[in-house]
file entry11.pdb (PDB, C-alpha atoms)
ATOM      1  CA  MET M   4      14.967   0.196 -15.869
ATOM      2  CA  PRO M   5      17.102  -0.282 -12.724
ATOM      3  CA  SER M   6      17.384  -3.881 -11.527
ATOM      4  CA  ARG M   7      15.946  -2.881  -8.154
ATOM      5  CA  ASP M   8      12.789  -1.658  -9.885
ATOM      6  CA  ARG M   9      12.597  -4.903 -11.854
ATOM      7  CA  SER M  10      12.690  -6.975  -8.701
ATOM      8  CA  ARG M  11      10.033  -4.775  -7.170
ATOM      9  CA  ILE M  12       7.818  -5.251 -10.221
ATOM     10  CA  ALA M  13       8.256  -9.005 -10.056
ATOM     11  CA  ALA M  14       7.336  -8.859  -6.411
ATOM     12  CA  ALA M  15       4.249  -6.810  -7.134
ATOM     13  CA  LEU M  16       3.083  -9.344  -9.697
ATOM     14  CA  ALA M  17       3.518 -11.949  -7.056
ATOM     15  CA  CYS M  18       0.742 -10.236  -5.187
ATOM     16  CA  ALA M  19       3.748  -9.113  -3.574
ATOM     17  CA  ALA M  20       4.085  -6.000  -1.838
ATOM     18  CA  ALA M  21       3.089  -7.067   1.530
ATOM     19  CA  LEU M  22       0.013  -5.271   0.484
ATOM     20  CA  LEU M  23      -1.470  -8.737   0.209
ATOM     21  CA  VAL M  24       0.738 -10.108   2.914
ATOM     22  CA  LEU M  25      -0.875  -7.739   5.346
ATOM     23  CA  ALA M  26      -4.331  -8.137   3.917
ATOM     24  CA  SER M  27      -5.361 -11.103   6.026
ATOM     25  CA  CYS M  28      -5.125  -9.141   9.264
ATOM     26  CA  SER M  29      -8.840  -8.421   9.191
ATOM     27  CA  SER M  30     -10.234 -10.536  11.981
ATOM     28  CA  PRO M  31     -12.436 -10.426  15.043
ATOM     29  CA  GLY M  32      -9.320  -9.879  17.134
ATOM     30  CA  GLY M  33      -8.443  -6.582  15.456
ATOM     31  CA  SER M  34      -9.892  -3.320  16.636
ATOM     32  CA  THR M  35     -12.623  -1.693  14.586
ATOM     33  CA  LEU M  36     -12.739   1.411  16.757
ATOM     34  CA  PHE M  37     -11.847   4.843  15.425
ATOM     35  CA  ALA M  38     -10.038   7.568  17.345
ATOM     36  CA  PRO M  39     -12.208  10.589  16.566
ATOM     37  CA  SER M  40     -12.505  13.956  18.210
ATOM     38  CA  ALA M  41     -15.409  14.450  20.563
ATOM     39  CA  GLY M  42     -18.708  14.269  18.729
ATOM     40  CA  SER M  43     -17.272  12.997  15.427
ATOM     41  CA  PRO M  44     -16.974   9.400  14.215
ATOM     42  CA  PHE M  45     -14.158  10.455  11.896
ATOM     43  CA  ALA M  46     -10.467  11.005  12.649
ATOM     44  CA  ASP M  47      -9.053  14.524  12.873
ATOM     45  CA  GLY M  48      -5.997  13.632  10.821
ATOM     46  CA  VAL M  49      -4.525  10.969   8.557
ATOM     47  CA  ALA M  50      -1.007   9.733   7.902
ATOM     48  CA  VAL M  51       0.289   7.161   5.444
ATOM     49  CA  LEU M  52       3.341   4.921   5.643
ATOM     50  CA  GLY M  53       4.549   2.904   2.688
ATOM     51  CA  ASP M  54       6.385   3.138  -0.612
ATOM     52  CA  SER M  55       6.046   4.802  -4.025
ATOM     53  CA  ILE M  56       2.370   3.925  -4.420
ATOM     54  CA  SER M  57       1.714   6.384  -1.596
ATOM     55  CA  THR M  58       4.190   9.011  -2.781
ATOM     56  CA  ALA M  59       2.384   8.955  -6.160
ATOM     57  CA  LYS M  60       5.741   8.745  -7.882
ATOM     58  CA  ASN M  61       5.723   9.649 -11.576
ATOM     59  CA  SER M  62       2.016  10.540 -11.565
ATOM     60  CA  ASP M  63       2.678  14.173 -12.546
ATOM     61  CA  PRO M  64       3.475  14.293 -16.300
ATOM     62  CA  ALA M  65       5.217  17.627 -15.807
ATOM     63  CA  HIS M  66       7.686  16.069 -13.364
ATOM     64  CA  PRO M  67       8.525  12.524 -14.498
ATOM     65  CA  GLU M  68      10.334  10.161 -12.137
ATOM     66  CA  GLN M  69       9.564  12.401  -9.176
ATOM     67  CA  ASP M  70       7.223  12.015  -6.233
ATOM     68  CA  ALA M  71       3.937  13.884  -6.566
ATOM     69  CA  GLU M  72       2.447  13.691  -3.081
ATOM     70  CA  GLN M  73      -0.402  15.977  -4.078
ATOM     71  CA  ASN M  74      -1.689  13.016  -6.109
ATOM     72  CA  SER M  75      -1.405  10.409  -3.351
ATOM     73  CA  TRP M  76      -4.491   8.225  -2.928
ATOM     74  CA  ALA M  77      -4.050   8.578   0.835
ATOM     75  CA  THR M  78      -3.145  12.171   1.676
ATOM     76  CA  GLY M  79      -3.163  14.025  -1.636
ATOM     77  CA  THR M  80      -4.730  17.432  -2.154
ATOM     78  CA  ALA M  81      -5.405  17.220  -5.910
ATOM     79  CA  ALA M  82      -9.121  17.494  -6.639
ATOM     80  CA  ALA M  83      -8.841  14.954  -9.462
ATOM     81  CA  VAL M  84      -7.658  12.278  -7.037
ATOM     82  CA  GLN M  85     -10.226  12.791  -4.272
ATOM     83  CA  SER M  86      -7.905  11.146  -1.768
ATOM     84  CA  VAL M  87      -8.869   9.583   1.534
ATOM     85  CA  TYR M  88      -7.752  12.853   3.127
ATOM     86  CA  LEU M  89     -10.065  15.029   1.013
ATOM     87  CA  ARG M  90     -12.946  12.646   1.638
ATOM     88  CA  LEU M  91     -12.196  12.845   5.362
ATOM     89  CA  VAL M  92     -12.187  16.643   5.308
ATOM     90  CA  ALA M  93     -15.578  16.596   3.585
ATOM     91  CA  VAL M  94     -17.139  14.752   6.529
ATOM     92  CA  ASN M  95     -14.950  16.203   9.279
ATOM     93  CA  PRO M  96     -13.625  19.737   8.606
ATOM     94  CA  ALA M  97     -11.397  19.459  11.689
ATOM     95  CA  ALA M  98      -9.116  17.199   9.630
ATOM     96  CA  ARG M  99      -8.253  20.003   7.191
ATOM     97  CA  GLY M 100      -4.520  20.609   7.051
ATOM     98  CA  HIS M 101      -3.753  17.434   8.986
ATOM     99  CA  ALA M 102      -2.444  15.005   6.386
ATOM    100  CA  LEU M 103       1.048  13.558   6.539
ATOM    101  CA  ASP M 104       2.717  11.444   3.866
ATOM    102  CA  LEU M 105       5.819   9.739   5.236
ATOM    103  CA  ALA M 106       6.061   7.075   2.535
ATOM    104  CA  VAL M 107       9.414   6.613   0.821
ATOM    105  CA  ASP M 108      10.060   5.109  -2.610
ATOM    106  CA  ASP M 109      11.213   1.474  -2.494
ATOM    107  CA  ALA M 110      10.787   1.301   1.284
ATOM    108  CA  GLY M 111      10.930  -2.178   2.778
ATOM    109  CA  ILE M 112       9.729  -3.135   6.230
ATOM    110  CA  ASP M 113      12.790  -1.550   7.857
ATOM    111  CA  GLY M 114      11.996   1.677   6.069
ATOM    112  CA  VAL M 115       8.369   1.550   7.165
ATOM    113  CA  LEU M 116       9.496   0.973  10.743
ATOM    114  CA  ALA M 117      11.601   4.136  10.451
ATOM    115  CA  GLN M 118       8.562   5.980   9.096
ATOM    116  CA  ALA M 119       6.515   4.824  12.090
ATOM    117  CA  ARG M 120       9.144   6.162  14.475
ATOM    118  CA  GLN M 121       9.106   9.456  12.597
ATOM    119  CA  LEU M 122       5.323   9.660  12.801
ATOM    120  CA  VAL M 123       5.146   9.287  16.566
ATOM    121  CA  GLN M 124       7.564  12.209  16.925
ATOM    122  CA  HIS M 125       5.293  14.493  14.938
ATOM    123  CA  PRO M 126       3.898  17.346  17.059
ATOM    124  CA  ARG M 127       0.327  16.516  16.105
ATOM    125  CA  ALA M 128      -1.168  13.063  16.438
ATOM    126  CA  HIS M 129      -2.761  11.589  13.324
ATOM    127  CA  GLU M 130      -5.398   9.174  14.554
ATOM    128  CA  LEU M 131      -5.965   7.388  11.246
ATOM    129  CA  VAL M 132      -2.775   5.664  10.079
ATOM    130  CA  LEU M 133      -2.825   3.972   6.685
ATOM    131  CA  LEU M 134      -0.136   1.330   6.305
ATOM    132  CA  GLN M 135       0.369   0.601   2.625
ATOM    133  CA  GLY M 136       2.176  -2.585   1.671
ATOM    134  CA  ILE M 137       5.858  -3.227   1.368
ATOM    135  CA  SER M 138       7.076  -4.933  -1.810
ATOM    136  CA  ALA M 139      10.817  -4.838  -1.301
ATOM    137  CA  ASP M 140      10.765  -7.683   1.223
ATOM    138  CA  LEU M 141       9.438 -10.412  -1.055
ATOM    139  CA  ARG M 142      12.618 -12.043  -2.312
ATOM    140  CA  CYS M 143      11.300 -14.695  -4.684
ATOM    141  CA  ASP M 144      14.703 -16.379  -4.823
ATOM    142  CA  GLY M 145      14.219 -19.401  -2.601
ATOM    143  CA  SER M 146      15.079 -17.609   0.636
ATOM    144  CA  ASP M 147      11.564 -16.445   1.539
ATOM    145  CA  PRO M 148      10.760 -19.267   4.006
ATOM    146  CA  ALA M 149      13.639 -18.067   6.174
ATOM    147  CA  ASN M 150      12.497 -14.455   5.824
ATOM    148  CA  GLU M 151       8.835 -14.888   6.784
ATOM    149  CA  GLY M 152       9.380 -14.958  10.536
ATOM    150  CA  PRO M 153      11.695 -11.931  10.711
ATOM    151  CA  PHE M 154       9.350 -10.020   8.417
ATOM    152  CA  ALA M 155       6.317 -10.735  10.582
ATOM    153  CA  LYS M 156       8.256  -9.689  13.655
ATOM    154  CA  LYS M 157       9.083  -6.335  12.044
ATOM    155  CA  VAL M 158       5.408  -5.808  11.137
ATOM    156  CA  GLY M 159       4.608  -6.303  14.807
ATOM    157  CA  GLN M 160       7.253  -3.743  15.735
ATOM    158  CA  VAL M 161       5.656  -1.187  13.401
ATOM    159  CA  LEU M 162       2.285  -1.713  15.075
ATOM    160  CA  ASP M 163       3.841  -1.521  18.542
ATOM    161  CA  VAL M 164       5.658   1.728  17.777
ATOM    162  CA  LEU M 165       2.454   3.336  16.515
ATOM    163  CA  ALA M 166       0.370   2.084  19.432
ATOM    164  CA  ALA M 167       2.899   3.261  22.011
ATOM    165  CA  GLY M 168       3.484   6.667  20.472
ATOM    166  CA  LEU M 169       0.011   7.731  19.325
ATOM    167  CA  PRO M 170      -3.125   8.199  21.418
ATOM    168  CA  ASP M 171      -5.439   5.314  20.488
ATOM    169  CA  PRO M 172      -4.464   5.076  16.802
ATOM    170  CA  ASP M 173      -6.685   3.473  14.177
ATOM    171  CA  ILE M 174      -4.205   1.544  12.018
ATOM    172  CA  VAL M 175      -5.542   0.279   8.707
ATOM    173  CA  LEU M 176      -3.455  -2.159   6.709
ATOM    174  CA  VAL M 177      -4.184  -1.697   3.020
ATOM    175  CA  SER M 178      -4.515  -4.780   0.853
ATOM    176  CA  LEU M 179      -3.171  -5.479  -2.599
ATOM    177  CA  TYR M 180      -4.906  -3.383  -5.230
ATOM    178  CA  GLY M 181      -6.479  -5.645  -7.839
ATOM    179  CA  THR M 182      -5.448  -9.282  -8.155
ATOM    180  CA  SER M 183      -2.228 -10.909  -9.268
ATOM    181  CA  ALA M 184      -3.872 -11.872 -12.564
ATOM    182  CA  SER M 185      -5.144  -8.350 -13.186
ATOM    183  CA  HIS M 186      -1.709  -6.968 -12.336
ATOM    184  CA  ALA M 187      -0.132  -9.211 -14.935
ATOM    185  CA  GLN M 188      -2.717  -8.372 -17.563
ATOM    186  CA  ALA M 189      -2.403  -4.619 -17.018
ATOM    187  CA  PHE M 190       1.393  -4.569 -16.770
ATOM    188  CA  SER M 191       1.721  -6.723 -19.886
ATOM    189  CA  GLN M 192       0.050  -3.886 -21.805
ATOM    190  CA  VAL M 193       1.774  -1.028 -19.991
ATOM    191  CA  ASP M 194       5.351  -2.354 -20.147
ATOM    192  CA  PRO M 195       5.766  -6.071 -20.898
ATOM    193  CA  THR M 196       9.562  -5.876 -20.698
ATOM    194  CA  ALA M 197       9.278  -4.958 -17.023
ATOM    195  CA  ILE M 198       7.624  -8.265 -16.149
ATOM    196  CA  THR M 199       9.603 -10.541 -18.472
ATOM    197  CA  GLY M 200      12.395 -12.689 -17.089
ATOM    198  CA  ASP M 201      13.581 -16.106 -15.982
ATOM    199  CA  GLY M 202      12.731 -15.709 -12.307
ATOM    200  CA  PRO M 203       9.890 -17.650 -10.695
ATOM    201  CA  CYS M 204       7.933 -14.432 -10.109
ATOM    202  CA  ASP M 205       8.397 -12.928 -13.573
ATOM    203  CA  ALA M 206       4.913 -13.015 -15.054
ATOM    204  CA  ILE M 207       6.018 -13.283 -18.683
ATOM    205  CA  ASP M 208       8.184 -16.234 -19.690
ATOM    206  CA  PRO M 209      10.759 -14.991 -22.242
ATOM    207  CA  ALA M 210      10.785 -18.408 -23.923
ATOM    208  CA  THR M 211       7.129 -18.051 -24.913
ATOM    209  CA  GLY M 212       6.537 -14.324 -24.609
ATOM    210  CA  LYS M 213       3.305 -15.096 -22.782
ATOM    211  CA  LEU M 214       1.975 -14.758 -19.269
ATOM    212  CA  SER M 215       2.777 -17.790 -17.173
ATOM    213  CA  ALA M 216      -0.086 -19.007 -15.010
ATOM    214  CA  ALA M 217       2.319 -21.263 -13.141
ATOM    215  CA  ARG M 218       4.585 -18.380 -12.185
ATOM    216  CA  ILE M 219       1.685 -16.213 -11.064
ATOM    217  CA  ALA M 220       0.381 -19.116  -8.987
ATOM    218  CA  TYR M 221       3.824 -19.728  -7.487
ATOM    219  CA  ALA M 222       4.143 -16.116  -6.475
ATOM    220  CA  GLY M 223       0.662 -16.110  -4.982
ATOM    221  CA  ALA M 224       1.466 -19.189  -2.895
ATOM    222  CA  LEU M 225       4.642 -17.522  -1.701
ATOM    223  CA  VAL M 226       2.711 -14.526  -0.473
ATOM    224  CA  GLN M 227       0.204 -16.770   1.286
ATOM    225  CA  ALA M 228       3.069 -18.063   3.426
ATOM    226  CA  TYR M 229       3.957 -14.519   4.499
ATOM    227  CA  GLU M 230       0.284 -13.795   5.001
ATOM    228  CA  SER M 231      -0.230 -16.590   7.498
ATOM    229  CA  ARG M 232       2.523 -15.109   9.685
ATOM    230  CA  THR M 233       1.374 -11.501   9.556
ATOM    231  CA  ALA M 234      -2.282 -12.432  10.108
ATOM    232  CA  ALA M 235      -1.412 -13.694  13.551
ATOM    233  CA  VAL M 236       0.448 -10.472  14.333
ATOM    234  CA  CYS M 237      -2.472  -8.275  13.347
ATOM    235  CA  THR M 238      -5.063 -10.442  15.098
ATOM    236  CA  ALA M 239      -3.159 -10.077  18.347
ATOM    237  CA  HIS M 240      -2.945  -6.294  18.089
ATOM    238  CA  PRO M 241      -5.821  -4.188  19.482
ATOM    239  CA  HIS M 242      -5.180  -1.245  17.152
ATOM    240  CA  CYS M 243      -4.892  -3.230  13.932
ATOM    241  CA  ARG M 244      -7.551  -3.692  11.268
ATOM    242  CA  THR M 245      -7.524  -4.005   7.479
ATOM    243  CA  ASP M 246      -9.546  -2.739   4.577
ATOM    244  CA  GLY M 247     -11.251  -6.142   4.361
ATOM    245  CA  ARG M 248      -9.420  -6.631   1.063
ATOM    246  CA  ALA M 249     -11.443  -3.844  -0.498
ATOM    247  CA  ALA M 250      -8.497  -2.740  -2.615
ATOM    248  CA  ARG M 251      -8.510  -6.115  -4.320
ATOM    249  CA  GLY M 252     -11.841  -5.123  -5.856
ATOM    250  CA  MET M 253     -10.163  -2.354  -7.822
ATOM    251  CA  ALA M 254     -10.606  -3.139 -11.520
ATOM    252  CA  LEU M 255      -7.171  -2.528 -12.990
ATOM    253  CA  ALA M 256      -6.740  -1.166 -16.510
ATOM    254  CA  PRO M 257      -3.695   0.132 -18.385
ATOM    255  CA  ALA M 258      -5.002   3.690 -17.884
ATOM    256  CA  ASP M 259      -4.514   3.249 -14.131
ATOM    257  CA  PHE M 260      -0.751   3.288 -14.703
ATOM    258  CA  VAL M 261       1.776   5.713 -16.087
ATOM    259  CA  PRO M 262       2.798   4.699 -19.641
ATOM    260  CA  TYR M 263       5.790   2.377 -19.609
ATOM    261  CA  ASP M 264       5.825   2.341 -15.815
ATOM    262  CA  ILE M 265       4.300   0.359 -12.944
ATOM    263  CA  HIS M 266       3.279   3.431 -10.957
ATOM    264  CA  PHE M 267      -0.268   4.694 -10.720
ATOM    265  CA  SER M 268      -1.473   7.508 -12.900
ATOM    266  CA  ILE M 269      -3.804  10.124 -11.406
ATOM    267  CA  ARG M 270      -6.685   7.874 -12.434
ATOM    268  CA  GLY M 271      -5.147   4.933 -10.601
ATOM    269  CA  GLU M 272      -4.608   6.963  -7.443
ATOM    270  CA  HIS M 273      -8.235   8.151  -7.633
ATOM    271  CA  ASP M 274      -9.624   4.673  -8.163
ATOM    272  CA  LEU M 275      -7.686   3.245  -5.221
ATOM    273  CA  ALA M 276      -8.986   5.976  -2.912
ATOM    274  CA  ALA M 277     -12.518   5.361  -4.164
ATOM    275  CA  VAL M 278     -12.540   1.664  -3.284
ATOM    276  CA  LEU M 279     -10.798   2.163   0.062
ATOM    277  CA  TRP M 280     -12.852   5.011   1.511
ATOM    278  CA  PRO M 281     -16.042   3.011   2.208
ATOM    279  CA  ALA M 282     -13.925   0.220   3.677
ATOM    280  CA  ILE M 283     -12.144   2.581   6.051
ATOM    281  CA  TYR M 284     -15.381   4.257   7.117
ATOM    282  CA  PRO M 285     -18.330   2.012   6.257
ATOM    283  CA  GLY M 286     -21.433   4.001   5.500
ATOM    284  CA  ALA M 287     -19.549   7.227   4.850
ATOM    285  CA  HIS M 288     -20.227   9.111   1.621
TER
END

call {"tool": "encode", "arguments": {"input": "entry11.pdb", "output": "structure tokens"}}
result
Amino acid sequence: MPSRDRSRIAAALACAAALLVLASCSSPGGSTLFAPSAGSPFADGVAVLGDSISTAKNSDPAHPEQDAEQNSWATGTAAAVQSVYLRLVAVNPAARGHALDLAVDDAGIDGVLAQARQLVQHPRAHELVLLQGISADLRCDGSDPANEGPFAKKVGQVLDVLAAGLPDPDIVLVSLYGTSASHAQAFSQVDPTAITGDGPCDAIDPATGKLSAARIAYAGALVQAYESRTAAVCTAHPHCRTDGRAARGMALAPADFVPYDIHFSIRGEHDLAAVLWPAIYPGAH
């Protein structure tokens, strides 16, 4: 497995992917208003920014190691996934054909900022914008305290670009799916070698071959530091809201992941969409 993927896995087990970093943005200061068409409480289109979780990388057994956007939890068209997009179309037919996946594998916050700039140039506005977390920015090497401020500033730039370029966007920051403990438990069964190492965020200590509660706790505390910075950014932004940490309620199991990989299977993509939909549109079916 490439070293870059290893570091990303370690970051994910740290609650990493700013999935959790961004999760605390749910606050009274954030907007809870949608940007629907006249007469509908639901958006007429949806776009997603993020990394390989949203490209559904490796979820198609016929095309391993490739993106499979049809299986994306956010904008996918596969019936087995029942994505946020398909659920949106079911309650607002005007959204049909208006789903845009701009996520890029291994994208960090700079990559997501580039995706935001690409989105606002699109000829059709997508009112609902799902911002899935960024794992590449959690360093877990002792340099994170110096990185927290610049990271939070970039998150603010993403929100500003979207707000300036889209008509009244509804930006939803998606939280970490599952918990750091459930990540470690699931990954230890899917591919234990991927989460074994000497780093402070490697969930399995090679000396014991067991999950390290201390390392998981360390990583969680590290993310909390990022979270405190980004919470303030989201609270101050009128177009920003979160899923209320709904994704954390996803019960992770090995079947949610591709064998010997950290990416979601079709089941995992489906389950993430299922827990997020009622959080994005409370009361919707």

call {"tool": "resolve_selection", "arguments": {"input": "entry11.pdb", "expression": "the PyMOL selection byres ((chain M and resi 202) around 10)", "output": "number ranges by chain"}}
result
M: 10, 13, 143-144, 198-201, 203-208, 218

call {"tool": "axis_aligned_box", "arguments": {"input": "entry11.pdb", "around": "range 90-106 of chain M", "padding_each_side": "6 Å", "output": "JSON"}}
result
{"center_x": -5.5, "center_y": 13.8, "center_z": 6.7, "size_x": 35.2, "size_y": 25.5, "size_z": 22.1}

call {"tool": "closest_residue", "arguments": {"input": "entry11.pdb", "among": "M:Pro209, M:Gly286, M:Pro281, M:Pro172", "to": "Leu133 in chain M", "atoms": "all atoms listed in the file"}}
result
M:Pro172

call {"tool": "closest_residue", "arguments": {"input": "entry11.pdb", "among": "M:Leu179, M:Leu91, M:Ala249, M:Val49", "to": "Leu122 in chain M", "atoms": "all atoms listed in the file"}}
result
M:Val49

call {"tool": "resolve_selection", "arguments": {"input": "entry11.pdb", "expression": "the PyMOL selection byres ((chain M and resi 127) around 12)", "output": "VMD selection string"}}
result
chain M and resid 47 to 50 98 100 to 103 121 to 126 128 to 130 168 to 170

call {"tool": "write_last_selection", "arguments": {"input": "entry11.pdb", "atoms": "C-alpha atoms", "output": "short mmCIF file (atom, residue, chain, number, x, y, z; two decimals), in the frame of the given file"}}
result
data_model
loop_
_atom_site.label_atom_id
_atom_site.label_comp_id
_atom_site.auth_asym_id
_atom_site.auth_seq_id
_atom_site.Cartn_x
_atom_site.Cartn_y
_atom_site.Cartn_z
CA ASP M 47 -9.05 14.52 12.87
CA GLY M 48 -6.00 13.63 10.82
CA VAL M 49 -4.53 10.97 8.56
CA ALA M 50 -1.01 9.73 7.90
CA ALA M 98 -9.12 17.20 9.63
CA GLY M 100 -4.52 20.61 7.05
CA HIS M 101 -3.75 17.43 8.99
CA ALA M 102 -2.44 15.00 6.39
CA LEU M 103 1.05 13.56 6.54
CA GLN M 121 9.11 9.46 12.60
CA LEU M 122 5.32 9.66 12.80
CA VAL M 123 5.15 9.29 16.57
CA GLN M 124 7.56 12.21 16.92
CA HIS M 125 5.29 14.49 14.94
CA PRO M 126 3.90 17.35 17.06
CA ALA M 128 -1.17 13.06 16.44
CA HIS M 129 -2.76 11.59 13.32
CA GLU M 130 -5.40 9.17 14.55
CA GLY M 168 3.48 6.67 20.47
CA LEU M 169 0.01 7.73 19.32
CA PRO M 170 -3.12 8.20 21.42
#

call {"tool": "atom_distance", "arguments": {"input": "entry11.pdb", "atom1": "CA of Phe260 in chain M", "atom2": "CA of Val161 in chain M"}}
result
29.2 Å

call {"tool": "closest_residue", "arguments": {"input": "entry11.pdb", "among": "M:Ser57, M:Gln188, M:Ser178, M:Gln73", "to": "Asp246 in chain M", "atoms": "all atoms listed in the file"}}
result
M:Ser178

call {"tool": "residues_around", "arguments": {"input": "entry11.pdb", "residues": "Ala166 in chain M", "least_positions_apart": "4", "cutoff": "10 Å", "atoms": "all atoms listed in the file", "output": "PyMOL selection string"}}
result
chain M and resi 119+123+160-162+170-174+240-243

call {"tool": "write_last_selection", "arguments": {"input": "entry11.pdb", "atoms": "C-alpha atoms", "output": "mmCIF file, in the coordinates of the input"}}
result
data_model
loop_
_atom_site.group_PDB
_atom_site.id
_atom_site.type_symbol
_atom_site.label_atom_id
_atom_site.label_comp_id
_atom_site.auth_asym_id
_atom_site.auth_seq_id
_atom_site.Cartn_x
_atom_site.Cartn_y
_atom_site.Cartn_z
ATOM 1 C CA ALA M 119 6.515 4.824 12.090
ATOM 2 C CA VAL M 123 5.146 9.287 16.566
ATOM 3 C CA GLN M 160 7.253 -3.743 15.735
ATOM 4 C CA VAL M 161 5.656 -1.187 13.401
ATOM 5 C CA LEU M 162 2.285 -1.713 15.075
ATOM 6 C CA PRO M 170 -3.125 8.199 21.418
ATOM 7 C CA ASP M 171 -5.439 5.314 20.488
ATOM 8 C CA PRO M 172 -4.464 5.076 16.802
ATOM 9 C CA ASP M 173 -6.685 3.473 14.177
ATOM 10 C CA ILE M 174 -4.205 1.544 12.018
ATOM 11 C CA HIS M 240 -2.945 -6.294 18.089
ATOM 12 C CA PRO M 241 -5.821 -4.188 19.482
ATOM 13 C CA HIS M 242 -5.180 -1.245 17.152
ATOM 14 C CA CYS M 243 -4.892 -3.230 13.932
#

call {"tool": "closest_residue", "arguments": {"input": "entry11.pdb", "among": "M:Thr58, M:Gln85, M:Ser185, M:Ser43", "to": "Asp259 in chain M", "atoms": "only C-alpha atoms"}}
result
M:Ser185

call {"tool": "residues_around", "arguments": {"input": "entry11.pdb", "residues": "Ile269 in chain M", "least_positions_apart": "6", "cutoff": "7 Å", "atoms": "only C-alpha atoms", "output": "number ranges by chain"}}
result
M: 62, 74, 84

call {"tool": "resolve_selection", "arguments": {"input": "entry11.pdb", "expression": "the PyMOL selection byres ((chain M and resi 65-67) around 12)", "output": "NGL selection string"}}
result
:M and (59-64 or 68-72 or 261-264 or 266 or 268)

call {"tool": "atom_distance", "arguments": {"input": "entry11.pdb", "atom1": "CA of Tyr180 in chain M", "atom2": "CA of Arg99 in chain M"}}
result
26.7 Å

call {"tool": "residues_around", "arguments": {"input": "entry11.pdb", "residues": "Ala184 in chain M", "least_positions_apart": "2", "cutoff": "9 Å", "atoms": "all atoms listed in the file", "output": "list of chain:residue names"}}
result
M:Leu16, M:Cys18, M:Gly181, M:Thr182, M:His186, M:Ala187, M:Gln188, M:Ala189, M:Ala216, M:Ile219

call {"tool": "residues_near_point", "arguments": {"input": "entry11.pdb", "point": "(-23.2, 8.6, -0.5)", "cutoff": "12 Å", "atoms": "all atoms listed in the file", "output": "list in words"}}
result
Arg90, Ala93, Val94, Ala277, Trp280, Pro281, Tyr284, Pro285, Gly286, Ala287 and His288 of chain M

call {"tool": "decode", "arguments": {"input": "entry11.pdb", "residues": "range 243-247 of chain M", "atoms": "all heavy atoms", "output": "PDB file, in the first residue's frame"}}
result
ATOM      1  N   CYS M 243     -23.418  28.144   6.651  1.00  0.00           N
ATOM      2  CA  CYS M 243     -22.790  26.911   7.117  1.00  0.00           C
ATOM      3  C   CYS M 243     -23.639  26.194   8.165  1.00  0.00           C
ATOM      4  O   CYS M 243     -24.112  26.811   9.118  1.00  0.00           O
ATOM      5  CB  CYS M 243     -21.421  27.235   7.707  1.00  0.00           C
ATOM      6  SG  CYS M 243     -20.577  25.835   8.455  1.00  0.00           S
ATOM      7  N   ARG M 244     -23.857  24.921   7.973  1.00  0.00           N
ATOM      8  CA  ARG M 244     -24.456  24.073   9.001  1.00  0.00           C
ATOM      9  C   ARG M 244     -23.827  22.688   8.892  1.00  0.00           C
ATOM     10  O   ARG M 244     -23.090  22.411   7.949  1.00  0.00           O
ATOM     11  CB  ARG M 244     -25.975  23.985   8.839  1.00  0.00           C
ATOM     12  CG  ARG M 244     -26.471  23.310   7.572  1.00  0.00           C
ATOM     13  CD  ARG M 244     -27.987  23.410   7.456  1.00  0.00           C
ATOM     14  NE  ARG M 244     -28.509  22.827   6.232  1.00  0.00           N
ATOM     15  CZ  ARG M 244     -29.165  21.666   6.165  1.00  0.00           C
ATOM     16  NH1 ARG M 244     -29.368  20.970   7.274  1.00  0.00           N
ATOM     17  NH2 ARG M 244     -29.615  21.211   5.018  1.00  0.00           N
ATOM     18  N   THR M 245     -24.081  21.816   9.855  1.00  0.00           N
ATOM     19  CA  THR M 245     -23.524  20.474   9.800  1.00  0.00           C
ATOM     20  C   THR M 245     -24.645  19.447   9.848  1.00  0.00           C
ATOM     21  O   THR M 245     -25.823  19.780   9.950  1.00  0.00           O
ATOM     22  CB  THR M 245     -22.571  20.202  10.978  1.00  0.00           C
ATOM     23  OG1 THR M 245     -23.338  20.005  12.163  1.00  0.00           O
ATOM     24  CG2 THR M 245     -21.596  21.362  11.171  1.00  0.00           C
ATOM     25  N   ASP M 246     -24.253  18.212   9.801  1.00  0.00           N
ATOM     26  CA  ASP M 246     -25.225  17.125   9.899  1.00  0.00           C
ATOM     27  C   ASP M 246     -25.580  16.815  11.347  1.00  0.00           C
ATOM     28  O   ASP M 246     -26.260  15.833  11.625  1.00  0.00           O
ATOM     29  CB  ASP M 246     -24.678  15.869   9.207  1.00  0.00           C
ATOM     30  CG  ASP M 246     -23.452  15.293   9.909  1.00  0.00           C
ATOM     31  OD1 ASP M 246     -22.952  15.911  10.872  1.00  0.00           O
ATOM     32  OD2 ASP M 246     -22.978  14.214   9.495  1.00  0.00           O
ATOM     33  N   GLY M 247     -25.139  17.671  12.287  1.00  0.00           N
ATOM     34  CA  GLY M 247     -25.421  17.407  13.696  1.00  0.00           C
ATOM     35  C   GLY M 247     -24.749  16.140  14.178  1.00  0.00           C
ATOM     36  O   GLY M 247     -25.211  15.498  15.127  1.00  0.00           O
TER      37      GLY M 247
END
